[in-house]
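Student: Quick one: the structure is below, questions incoming.
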Amino acid sequence: EEPEETPKNKPVIFIDAGHGGNDGGCVEDGIIEKDINLTIARLVRDKLKELDYQVVMSRSVDRYVAKEDRVRKANEVQADIYVSIHQNSSDERSVNGMEVWYDGTDTQRDSRRLALVISQQTAKSTGAVERMVRGDADFHVTGSTQMPACLVETGFLSNREERARLVSPDYQEQIASGIVQG
């Protein structure tokens with residue numbers, strides 16, 4: 001999804017709906033991560049546009065986009081921030097809550113601050129357990145972008161109760177609102 005022609009003084013937010021196409025991400029009880037990621041990403045996009053931000057999406061439909069292409073596109077459009085949306089999974093079925101990851105080795109961008117604010121606002125909006133903000137992300141999308149970047153694991157699909165919330169349109173709206181506030 002290409003950005004609309006807008007003045008450069010309008011902030012550009014890059015929203016990355018994790019996975020897509022033949023890469024479904026984690027799957028639990030027939031619920032596929034890529035679908036929830038895309039739904040939440042679209043909600044975030046719409047809310048940001050209402051606030052007059054320019055939004056560029058890594059994907060706006062169910063298709064595969066390589067992580068290198070996601071980063072290249074964000075860098076090309078000179079996005080002001082990069083937010084990647086995902087769902088988590090654990091062998092420990094009782095684990096729940098959200099985690100936000102960033103590249104803590106980079107001192108040039110303000111990724112830690114972005115991750116903290118998004119974590120706090122999303123936890124406040126949803127009431128989710130705020131597990132941790134992790135600076136030990138070893139993800140291409142957080143380490144190779146030129147702007148502040150974070151990866152949000154909005155919840156654990158492996159936890160039955162949290163999975164039920166994550167597929168709820170009302171809860172997805174709350175997640176999107178929290179990310180936008182952050």
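In the structure tokens, chains take the letters A, B, ... in the order shown, each chain's residues start at 1, and ligands count up from 1 in the order shown.
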Per residue of segment 19-119 of chain A within 7 Å of segment 146-155 of chain A, which atom pair is closest and at what distance in Å (one decimal), using only C-alpha atoms, listed by chain and increasing number, as CSV?
Tutor:
```
residue,atom,partner,partner_atom,distance
A:Asn75,CA,A:Gln146,CA,6.0
A:Ala79,CA,A:Met147,CA,6.7
A:Asp80,CA,A:Met147,CA,5.8
A:Ile81,CA,A:Pro148,CA,5.1
A:Tyr82,CA,A:Ala149,CA,4.5
A:Val83,CA,A:Cys150,CA,5.3
A:Ser84,CA,A:Leu151,CA,4.5
A:Ile85,CA,A:Val152,CA,5.1
A:His86,CA,A:Glu153,CA,4.8
A:Gln87,CA,A:Glu153,CA,4.9
A:Asn88,CA,A:Glu153,CA,5.6
A:Asn96,CA,A:Gly155,CA,6.3
A:Gly97,CA,A:Gly155,CA,5.2
A:Met98,CA,A:Gly155,CA,4.8
A:Glu99,CA,A:Glu153,CA,5.1
A:Val100,CA,A:Val152,CA,4.5
A:Trp101,CA,A:Leu151,CA,5.1
A:Tyr102,CA,A:Cys150,CA,4.7
A:Arg109,CA,A:Pro148,CA,5.1
A:Asp110,CA,A:Pro148,CA,5.2
A:Ser111,CA,A:Pro148,CA,4.3
A:Leu114,CA,A:Pro148,CA,6.8
A:Ala115,CA,A:Cys150,CA,5.6
```
Student: Which of segment 37-127 of chain A counts as helix (DSSP H, G or I) under DSSP, as a ChimeraX atom specification please?
Tutor: /A:37-50,67-76,111-126
Student: Counting only C-alpha atoms, which residues of segment 15-69 of chain A sit at most 8 Å from some atom of segment 178-182 of chain A, and what is each one's closest atom pair with its distance in Å to one decimal, listed by chain and rising residue number, as CSV?
Tutor:
```
residue,atom,partner,partner_atom,distance
A:Val44,CA,A:Val180,CA,6.2
A:Lys47,CA,A:Val180,CA,7.0
A:Leu48,CA,A:Val180,CA,6.5
```
Student: Restricted to N, CA and C atoms, what would the selected residues look like written as an mmCIF file, in the first residue's frame?
Tutor:
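Ended up saving to result.cif:
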```cif
data_model
loop_
_atom_site.group_PDB
_atom_site.id
_atom_site.type_symbol
_atom_site.label_atom_id
_atom_site.label_comp_id
_atom_site.auth_asym_id
_atom_site.auth_seq_id
_atom_site.Cartn_x
_atom_site.Cartn_y
_atom_site.Cartn_z
ATOM 1 N N VAL A 44 -5.430 -0.182 13.235
ATOM 2 C CA VAL A 44 -4.429 0.830 13.587
ATOM 3 C C VAL A 44 -4.318 1.844 12.446
ATOM 4 N N LYS A 47 -7.357 4.197 12.394
ATOM 5 C CA LYS A 47 -7.337 5.139 13.522
ATOM 6 C C LYS A 47 -6.266 6.215 13.331
ATOM 7 N N LEU A 48 -5.100 5.823 12.823
ATOM 8 C CA LEU A 48 -4.040 6.803 12.572
ATOM 9 C C LEU A 48 -4.437 7.781 11.476
#
```
Student: Could you please determine the separation between atom CA of Ser144 of chain A and atom CA of Asn37 of chain A in Å, to one decimal place?
Tutor: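 These two atoms are separated by 20.9 Å.
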Student: In Å, rounded to a single decimal, give me how far atom CA of Ala123 of chain A is from atom CA of Thr145 of chain A.
Tutor: 25.1 Å
Student: Could you give me, as a PyMOL selection string, the residues within 10 Å of segment 50-65 of chain A, counting only C-alpha atoms and dropping anything in the same chain fewer than 4 positions from it?
Tutor: chain A and resi 1-24+34-35+38-39+41-42+44-46+69-71+73-74+77+79-80+82-84+180
Student: Would you compute the distance between atom CA of Arg93 of chain A and atom CA of Ser119 of chain A? Give it in Å to one decimal.
Tutor: 22.0 Å
Student: Which is closest to Ile118 of chain A among A:Ile32, A:Leu43, A:Thr105, A:Ser177, if we use only C-alpha atoms?
Tutor: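 Closest residue, counting only C-alpha atoms: A:Ser177.
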Student: So that I can check the secondary structure, give me every residue of chain A assigned strand (DSSP E) by backbone DSSP, as a VMD selection string.
Tutor: chain A and resid 12 to 17 27 to 28 31 to 32 54 to 57 81 to 88 98 to 101 130 to 134 149 to 156
Student: Of the residues A:Arg163, A:Arg113, A:Arg131, A:Arg72, which is the one nearest to Ile36 of chain A, using only C-alpha atoms?
Tutor: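 Result for the nearest residue to Ile36 of chain A: A:Arg163.
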Student: In terms of the shortest atom-to-atom distance over only C-alpha atoms, which of A:Ala137, A:Ile175, A:Ile31, A:Leu157 is closest to Ser94 of chain A?
Tutor: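 Nearest candidate to Ser94 of chain A out of A:Ala137, A:Ile175, A:Ile31, A:Leu157: A:Leu157.
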